[in-house]
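Asks: First the structure, then my questions, so here it is.
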Number of protein chains: 2
Amino acid sequence: MQRNLTVAQAQDTILEAVFRLAPETVESASALSRVLAEDVRSTRILPPADCSAMDGYAVRTEDLRTASNAEPVRLQVAFEVAAGGEATVAVEAGQAARIFTGAPVPPGADAVIMQEHVKADGDHISIRREVALGDHIRRAGEDLALGDSVVEAGAVVRPAVAGLLASLGRTVVSVVRRPRVAILSSGDELVEPDAPIDGGRIVASNSYTLAAMCREVGAEPYYLGIAQDRPEDLEAHVRAALVADCIVTSAGVSVGDHDHVKDVFAKLGCEFVFWGVRLKPGHPMLFGRFPGGPAPGSPGPFLFGLPGNPVSAAVTFEQFVRPALRKMSGHDRVFRPTVSARLRAPLTKRAGRMNLVRVSLEVEDGELWATSTGNQSSGVFRSMSDAQGLLVFPGAESELAAGDEVTVQVIDESFFVSRDRGFEGI
Amino acid sequence: MQRNLTVAQAQDTILEAVFRLAPETVESASALSRVLAEDVRSTRILPPADCSAMDGYAVRTEDLRTASNAEPVRLQVAFEVAAGGEATVAVEAGQAARIFTGAPVPPGADAVIMQEHVKADGDHISIRREVALGDHIRRAGEDLALGDSVVEAGAVVRPAVAGLLASLGRTVVSVVRRPRVAILSSGDELVEPDAPIDGGRIVASNSYTLAAMCREVGAEPYYLGIAQDRPEDLEAHVRAALVADCIVTSAGVSVGDHDHVKDVFAKLGCEFVFWGVRLKPGHPMLFGRFPGGPAPGSPGPFLFGLPGNPVSAAVTFEQFVRPALRKMSGHDRVFRPTVSARLRAPLTKRAGRMNLVRVSLEVEDGELWATSTGNQSSGVFRSMSDAQGLLVFPGAESELAAGDEVTVQVIDESFFVSRDRGFEGI
């Protein structure tokens with residue numbers, strides 16, 4: 001087992017160990033935001049035939065060569081083609097066909113003129129302008145020809161992809177499976193949120209934070225409840241977690257006498273890959289794997305033993321579990337974005353470990369400023385719920401001055417939603 | 001009814017008309033990513049008592065004034081306090097208490113020393129260093145005192161907020177209701193994805209794109225299916241939509257003879273606010289409202305009549321429906337973010353209407369480049385599913401040169417997820 005890795009070493013170790021999960025076939029509506037596991041090819045021609053892009057009249061351009069304001073051309077409206085209708089009758093010389101958006105262009109016609117550009121008069125129309133060949137006609141196969149590659153494996157199913165799948169009649173599609181994450185609390189002092197809190201008991205709130213973080217990243221949490229600090233109870237809970245892709249525990253992985261969690265995992269075959277990251281908050285973190293797994297030959301779940309402190313648990317989830325879950329979900333982009341900001345007020349720490357300082361972010365005079373969200377004691381969870389970002393205070397540094405340029409990892413997804421439209425509306 | 005608004009005028013008109021929806025009380029787990037409709041105040045003290053932040057020993061600092069490498073101080077370990085235990089027995093002079101993370105600090109003790117920093121020897125420990133008052137003790141109420149404001153109304157329920165709610169025993173919480181969006185297709189040529197496509201029929205794919213876009217923005221779509229192009233059938237479908245917060249239709253709002261949709265909406269009391277936006281793709285868009293609504297005195301649903309063309313429908317949803325749904329959901333940030341980029345290859349258009357050009361975005365040598373996703377004919381939907389952004393080609397311009405700095409609205413949410421960690425890991 002390795003010890004006391006840097007954040008980068010720990011992330012690299014984890015991302016090398018975990019792998020993209022196997023595909024599953026789901027209804028297309030459930031595929032939104034997931035990663036395609038198949039190349040989708042077109043089995044249809046879209047549009048299925050040359051069709052009108054406008055409401056107007058299908059015409060023969062040769063009839064309109066001489067059309068002008070001075071000498072309008074008069075055409076007889078011989079028939080009508082609706083969207084979804086058939087186009088078997090031909091438009092003859094001197095004729096036009098009433099046509100609607102999406103309707104097939106009848107034989108003989110080679111352009112569509114918009115209804116706004118004609119003068120209708122009973123069953124005739126007058127046209128005062130020349131029309132270019134192909135005007136307002138969408139060609140068969142312009143959107144999709146047979147066999148066209150529509151979306152490649154590895155692409156995220158965005159809304160427009162959902163629409164394309166529907167167009168092709170694809171009601172089910174193969175996507176990468178979402179990681180199932182077993183979440184486990186342990187500790188005799190812990191209770192669920194609906195229980196009384198007499199005698200110094202506290203709610204196992206980490207599990208609720210971590211489950212929400214799993215949902216935010218598109219993974220599927222399942223919560224195994226609170227294990228008591230007895231080996232038998234812990235073992236029963238861990239066994240129930242072995243069918244997961246990942247196990248996320250908080251607390252129980254430090255060196256205290258009462259931390260039975262590591263022993264139980266070891267007993268059940270977990271191999272510990274590393275313990276301890278040079279990070280504050282979040283030092284006592286354990287990463288392991290079950291090489292045999294619950295089913296013979298399967299790789300078994302990965303273990304993320306996070307610190308019990310709520311802030312440390314949240315910060316280590318962000319740094320280590322989240323990128324792993326994104327990779328398992330099939331994404332090639334796995335990291336939270338970083339931005340440059342200027343520091344509002346000085347920060348100090350002891351040189352040695354990297355600190356991730358909870359900050360809020362605000363734009364002032366076109367510059368982004370990072371401000372500590374207050375008490376950085378790792379127990380003060382409100383500083384986490386208020387934080388839009390984690391400021392990277394490198395290990396070697398011990399002082400950052402007000403105004404310094406710093407790197408901030410953005411953990412608040414609504415930071416990238418804008419208050420204004422960002423462009424002139426003209 | 002106003003006509004031919006600029007994009008900004010149309011957005012402003014819509015955002016003035018729509019309003020934040022009423023609150024509803026939901027289970028806390030369902031509140032993730034939604035906007036709080038109540039100020040959450042603390043009804044608990046957290047931690048409930050002074051407690052240890054470490055596994056170690058609770059000590060009296062006055063006993064350790066003289067502790068040094070040369071002259072270690074020996075203390076008797078008189079008893080043990082576990083997390084969730086009671087702390088009624090006092091630590092006397094010359095004594096220590098074994099203590100675990102989260103356990104209450106017993107009377108008499110005023111600091112905790114980490115177990116790594118003592119030498120244990122039977123029921124005694126030796127300490128070679130002085131300990132500061134309060135070391136490794138988390139004070140009662142340090143996280144939350146009674147009555148503390150925890151999260152304010154208007155905040156988004158991020159994972160850390162979910163954890164805070166759990167800590168407070170809040171299993172239900174008041175959040176702004178998610179907009180219910182009725183989605184309606186109309187057209188005799190349309191079929192559902194599982195139907196045969198003979199005779200030039202095409203799938204009502206817009207409804208699937210638009211429903212996915214609703215889900216992406218956190219709204220609740222419900223799909224009313226395909227209405228035939230007959231007033232009676234349309235009216236039946238529209239009546240079923242009147243209980244929604246918004247109705248989103250695609251097609252049926254231009255000026256063609258077969259576009260009965262507008263007539264049906266007018267008949268049912270819809271007031272049209274504007275028709276037409278100076279935007280390509282997306283000109284023929286209708287915005288309306290039902291002042292009476294389905295229930296007496298209720299404002300009734302808003303109507304977004306989007307163009308039938310799939311690209312136009314998607315682009316107008318992004319510009320007009322999405323910000324409205326975010327405002328209705330309680331968010332104060334409603335717009336897609338914009339970024340500056342350089343244009344890869346020249347673009348031309350006729351001066352007059354703003355164009356939103358579908359582009360992909362890639363970083364090269366530290367600069368962001370925007371490249372058209374190919375055929376910009378509004379029918380070619382693949383250019384939409386490939387697009388990460390919409391390049392703003394202002395109305396007055398007719399040419400953009402390669403290398404020009406342009407504004408791009410980012411519509412691909414994974415654009416802001418990073419391929420690398422963005423900081424040194426030391």
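Here's how to read the names in the structure tokens: chain A, B, ... by the order shown, residue numbers from 1 in each chain, ligand numbers from 1 in the order shown.
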Report as a PyMOL selection string the set of chain B residues whose atoms approach chain A to within 6 Å, with distances computed over only C-alpha atoms.
Replies: chain B and resi 6-8+48+55+83-84+143+159-163+166-167+169+188-189+193-194+200-201+203+205+208-209+212-213+256+333+335-338+380+385+395+417-419+421-422+425-426
Asks: For the selection you just gave me, I'd like the residues written to a file as a short mmCIF file (atom, residue, chain, number, x, y, z; two decimals), in the first residue's frame, keeping N, CA and C atoms.
Replies:
```
data_model
loop_
_atom_site.label_atom_id
_atom_site.label_comp_id
_atom_site.auth_asym_id
_atom_site.auth_seq_id
_atom_site.Cartn_x
_atom_site.Cartn_y
_atom_site.Cartn_z
N THR B 6 -36.38 42.06 -31.83
CA THR B 6 -35.01 41.56 -31.78
C THR B 6 -34.96 40.45 -30.73
N VAL B 7 -33.86 39.71 -30.75
CA VAL B 7 -33.69 38.64 -29.76
C VAL B 7 -33.79 39.22 -28.34
N ALA B 8 -33.12 40.35 -28.13
CA ALA B 8 -33.13 40.96 -26.79
C ALA B 8 -34.54 41.40 -26.40
N PRO B 48 -23.21 18.99 19.11
CA PRO B 48 -24.10 19.20 20.25
C PRO B 48 -23.34 19.51 21.55
N ASP B 55 -8.81 11.14 16.99
CA ASP B 55 -8.62 10.02 17.91
C ASP B 55 -7.38 10.33 18.75
N ALA B 83 -17.33 7.99 20.58
CA ALA B 83 -18.30 8.82 19.87
C ALA B 83 -19.69 8.30 20.21
N GLY B 84 -20.61 9.20 20.48
CA GLY B 84 -21.94 8.78 20.86
C GLY B 84 -22.04 8.43 22.34
N ASP B 143 -20.34 24.51 14.31
CA ASP B 143 -20.95 24.39 12.98
C ASP B 143 -22.25 25.16 12.90
N PRO B 159 -25.35 19.56 -3.26
CA PRO B 159 -25.18 18.39 -2.38
C PRO B 159 -24.86 18.76 -0.94
N ALA B 160 -24.02 19.77 -0.72
CA ALA B 160 -23.68 20.13 0.65
C ALA B 160 -24.91 20.65 1.40
N VAL B 161 -25.82 21.29 0.69
CA VAL B 161 -27.07 21.75 1.33
C VAL B 161 -27.92 20.54 1.71
N ALA B 162 -27.93 19.54 0.85
CA ALA B 162 -28.66 18.31 1.18
C ALA B 162 -28.11 17.72 2.48
N GLY B 163 -26.80 17.74 2.64
CA GLY B 163 -26.19 17.25 3.87
C GLY B 163 -26.57 18.09 5.08
N ALA B 166 -30.07 17.29 6.15
CA ALA B 166 -30.09 16.03 6.90
C ALA B 166 -29.61 16.26 8.33
N SER B 167 -28.52 17.03 8.49
CA SER B 167 -27.98 17.32 9.83
C SER B 167 -29.04 17.90 10.75
N GLY B 169 -32.15 17.33 10.60
CA GLY B 169 -33.33 16.48 10.70
C GLY B 169 -34.45 16.93 9.77
N ASP B 188 -50.23 16.25 -40.11
CA ASP B 188 -50.71 14.96 -40.60
C ASP B 188 -49.57 14.05 -41.06
N GLU B 189 -48.40 14.68 -41.33
CA GLU B 189 -47.27 13.86 -41.81
C GLU B 189 -46.48 13.22 -40.67
N PRO B 193 -41.95 7.62 -32.95
CA PRO B 193 -40.75 6.91 -33.38
C PRO B 193 -40.94 5.43 -33.66
N ASP B 194 -41.97 4.81 -33.05
CA ASP B 194 -42.14 3.37 -33.22
C ASP B 194 -43.06 3.02 -34.38
N GLY B 200 -43.90 9.02 -47.01
CA GLY B 200 -43.31 10.32 -46.70
C GLY B 200 -43.55 10.79 -45.28
N ARG B 201 -43.99 9.89 -44.41
CA ARG B 201 -44.19 10.30 -43.02
C ARG B 201 -42.85 10.48 -42.32
N VAL B 203 -40.94 11.27 -38.31
CA VAL B 203 -41.15 11.18 -36.86
C VAL B 203 -41.29 12.59 -36.27
N SER B 205 -39.99 14.26 -34.21
CA SER B 205 -38.78 14.23 -33.38
C SER B 205 -38.61 15.50 -32.55
N TYR B 208 -39.40 15.15 -28.98
CA TYR B 208 -38.42 14.40 -28.19
C TYR B 208 -37.22 15.29 -27.85
N THR B 209 -36.81 16.12 -28.81
CA THR B 209 -35.74 17.08 -28.51
C THR B 209 -36.20 18.06 -27.43
N ALA B 212 -36.46 16.60 -23.97
CA ALA B 212 -35.12 16.42 -23.39
C ALA B 212 -34.56 17.76 -22.94
N MET B 213 -34.81 18.81 -23.71
CA MET B 213 -34.35 20.14 -23.31
C MET B 213 -35.03 20.59 -22.02
N GLY B 256 -49.45 29.72 -43.03
CA GLY B 256 -50.04 28.81 -44.01
C GLY B 256 -51.50 28.53 -43.73
N ARG B 333 -30.03 33.19 -12.18
CA ARG B 333 -29.18 33.08 -13.36
C ARG B 333 -29.96 32.27 -14.39
N PHE B 335 -29.43 32.63 -18.12
CA PHE B 335 -28.92 32.56 -19.50
C PHE B 335 -27.77 31.57 -19.65
N ARG B 336 -27.68 30.96 -20.82
CA ARG B 336 -26.50 30.18 -21.18
C ARG B 336 -25.29 31.10 -21.12
N PRO B 337 -24.14 30.59 -20.71
CA PRO B 337 -22.94 31.43 -20.69
C PRO B 337 -22.43 31.70 -22.10
N THR B 338 -21.73 32.79 -22.24
CA THR B 338 -21.06 33.07 -23.52
C THR B 338 -19.55 33.09 -23.30
N VAL B 380 -30.66 20.81 -41.46
CA VAL B 380 -29.68 19.77 -41.20
C VAL B 380 -29.42 19.67 -39.70
N SER B 385 -26.85 18.72 -33.37
CA SER B 385 -26.44 17.75 -32.35
C SER B 385 -24.93 17.78 -32.16
N GLY B 395 -26.96 41.12 -36.47
CA GLY B 395 -27.84 41.48 -37.57
C GLY B 395 -27.20 42.40 -38.58
N VAL B 417 -16.73 20.92 -18.34
CA VAL B 417 -16.03 19.86 -17.61
C VAL B 417 -14.66 19.76 -18.25
N SER B 418 -13.64 19.55 -17.43
CA SER B 418 -12.28 19.72 -17.92
C SER B 418 -11.61 18.38 -18.22
N ARG B 419 -10.70 18.40 -19.20
CA ARG B 419 -9.93 17.18 -19.51
C ARG B 419 -8.76 17.00 -18.56
N ARG B 421 -6.70 18.37 -14.71
CA ARG B 421 -7.07 18.85 -13.38
C ARG B 421 -6.88 20.35 -13.21
N GLY B 422 -6.04 20.95 -14.05
CA GLY B 422 -5.97 22.41 -14.05
C GLY B 422 -5.09 23.00 -12.98
N GLY B 425 -0.36 19.17 -8.77
CA GLY B 425 -0.89 18.34 -7.69
C GLY B 425 -0.06 18.33 -6.42
N ILE B 426 0.85 19.26 -6.27
CA ILE B 426 1.77 19.19 -5.10
C ILE B 426 1.18 20.00 -3.93
#
```
Asks: As number ranges by chain, please: all residues of stretch 125-320 of chain B that backbone DSSP puts in strand (DSSP E).
Replies: B: 125-127, 137-138, 149-151, 172-176, 180-186, 190-191, 202-203, 220-227, 246-250, 271-277, 279-280, 286-289, 302-306
Asks: Run DSSP on the backbone and grab whatever in stretch 68-192 of chain A lands in alpha helix (DSSP H); send it over as a compact mmCIF listing (two decimals) with N, CA and C atoms, in the first residue's frame.
Replies:
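Below is the file result_23.txt, written as the result:
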```
# COMPACT_ATOMS: atom_id res chain seq x y z
N PRO A 159 -29.85 16.83 -25.78
CA PRO A 159 -31.22 16.84 -26.28
C PRO A 159 -31.33 16.67 -27.80
N ALA A 160 -30.43 17.31 -28.54
CA ALA A 160 -30.53 17.18 -29.99
C ALA A 160 -30.27 15.74 -30.44
N VAL A 161 -29.44 15.03 -29.70
CA VAL A 161 -29.18 13.62 -30.03
C VAL A 161 -30.45 12.81 -29.75
N ALA A 162 -31.14 13.14 -28.66
CA ALA A 162 -32.41 12.47 -28.36
C ALA A 162 -33.38 12.65 -29.53
N GLY A 163 -33.41 13.87 -30.09
CA GLY A 163 -34.27 14.13 -31.25
C GLY A 163 -33.85 13.32 -32.46
N LEU A 164 -32.55 13.23 -32.70
CA LEU A 164 -32.05 12.43 -33.84
C LEU A 164 -32.42 10.96 -33.68
N LEU A 165 -32.26 10.44 -32.47
CA LEU A 165 -32.61 9.03 -32.23
C LEU A 165 -34.09 8.81 -32.54
N ALA A 166 -34.93 9.74 -32.10
CA ALA A 166 -36.36 9.63 -32.38
C ALA A 166 -36.59 9.63 -33.89
N SER A 167 -35.92 10.54 -34.61
CA SER A 167 -36.07 10.63 -36.07
C SER A 167 -35.80 9.30 -36.74
```
Asks: I'd like the contact shell of B:Val59 - 10 Å cut-off, only C-alpha atoms, skipping same-chain residues fewer than 2 positions apart - returned as a ChimeraX atom specification.
Replies: /B:56-57,61-64,75,77,91-99,105-106,108-113,131,133-135
Asks: Could you save the residues just selected, with C-alpha atoms, as a PDB file, in the first residue's frame?
Replies:
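So selection_7.pdb came out as:
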```pdb
ATOM      1  CA  GLY B  56      -6.355  10.608  20.907  1.00  0.00           C
ATOM      2  CA  TYR B  57      -6.456  11.582  24.548  1.00  0.00           C
ATOM      3  CA  THR B  61      -3.128  21.524  29.498  1.00  0.00           C
ATOM      4  CA  GLU B  62      -1.882  22.639  32.920  1.00  0.00           C
ATOM      5  CA  ASP B  63      -0.497  19.121  33.453  1.00  0.00           C
ATOM      6  CA  LEU B  64       1.636  19.457  30.332  1.00  0.00           C
ATOM      7  CA  LEU B  75      -0.571  10.632  32.714  1.00  0.00           C
ATOM      8  CA  VAL B  77      -5.555   6.923  31.282  1.00  0.00           C
ATOM      9  CA  VAL B  91     -10.511  14.113  34.106  1.00  0.00           C
ATOM     10  CA  GLU B  92      -8.563  14.844  37.321  1.00  0.00           C
ATOM     11  CA  ALA B  93      -5.042  16.274  37.652  1.00  0.00           C
ATOM     12  CA  GLY B  94      -2.501  13.739  36.381  1.00  0.00           C
ATOM     13  CA  GLN B  95      -5.129  11.920  34.320  1.00  0.00           C
ATOM     14  CA  ALA B  96      -6.122  11.653  30.686  1.00  0.00           C
ATOM     15  CA  ALA B  97      -9.129  10.055  28.963  1.00  0.00           C
ATOM     16  CA  ARG B  98      -8.911   7.935  25.822  1.00  0.00           C
ATOM     17  CA  ILE B  99     -11.158   9.737  23.315  1.00  0.00           C
ATOM     18  CA  VAL B 105     -14.768  16.077  25.782  1.00  0.00           C
ATOM     19  CA  PRO B 106     -15.107  15.114  29.458  1.00  0.00           C
ATOM     20  CA  GLY B 108     -11.756  18.862  33.377  1.00  0.00           C
ATOM     21  CA  ALA B 109     -10.078  18.245  30.027  1.00  0.00           C
ATOM     22  CA  ASP B 110      -9.359  21.326  27.906  1.00  0.00           C
ATOM     23  CA  ALA B 111      -7.437  19.882  24.944  1.00  0.00           C
ATOM     24  CA  VAL B 112      -7.036  16.712  22.927  1.00  0.00           C
ATOM     25  CA  ILE B 113      -3.654  15.323  21.984  1.00  0.00           C
ATOM     26  CA  VAL B 131      -0.424  21.259  24.283  1.00  0.00           C
ATOM     27  CA  LEU B 133      -5.643  25.154  25.202  1.00  0.00           C
ATOM     28  CA  GLY B 134      -8.505  23.885  23.020  1.00  0.00           C
ATOM     29  CA  ASP B 135      -6.310  21.863  20.653  1.00  0.00           C
TER      30      ASP B 135
END
```
Asks: Ranking B:Asp121, B:Glu220, B:Glu235, B:Asp245 by minimum distance to B:Val18 and counting only C-alpha atoms, which one comes first?
Replies: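 Checking each of B:Asp121, B:Glu220, B:Glu235, B:Asp245 against B:Val18, counting only C-alpha atoms, the winner is B:Asp245.
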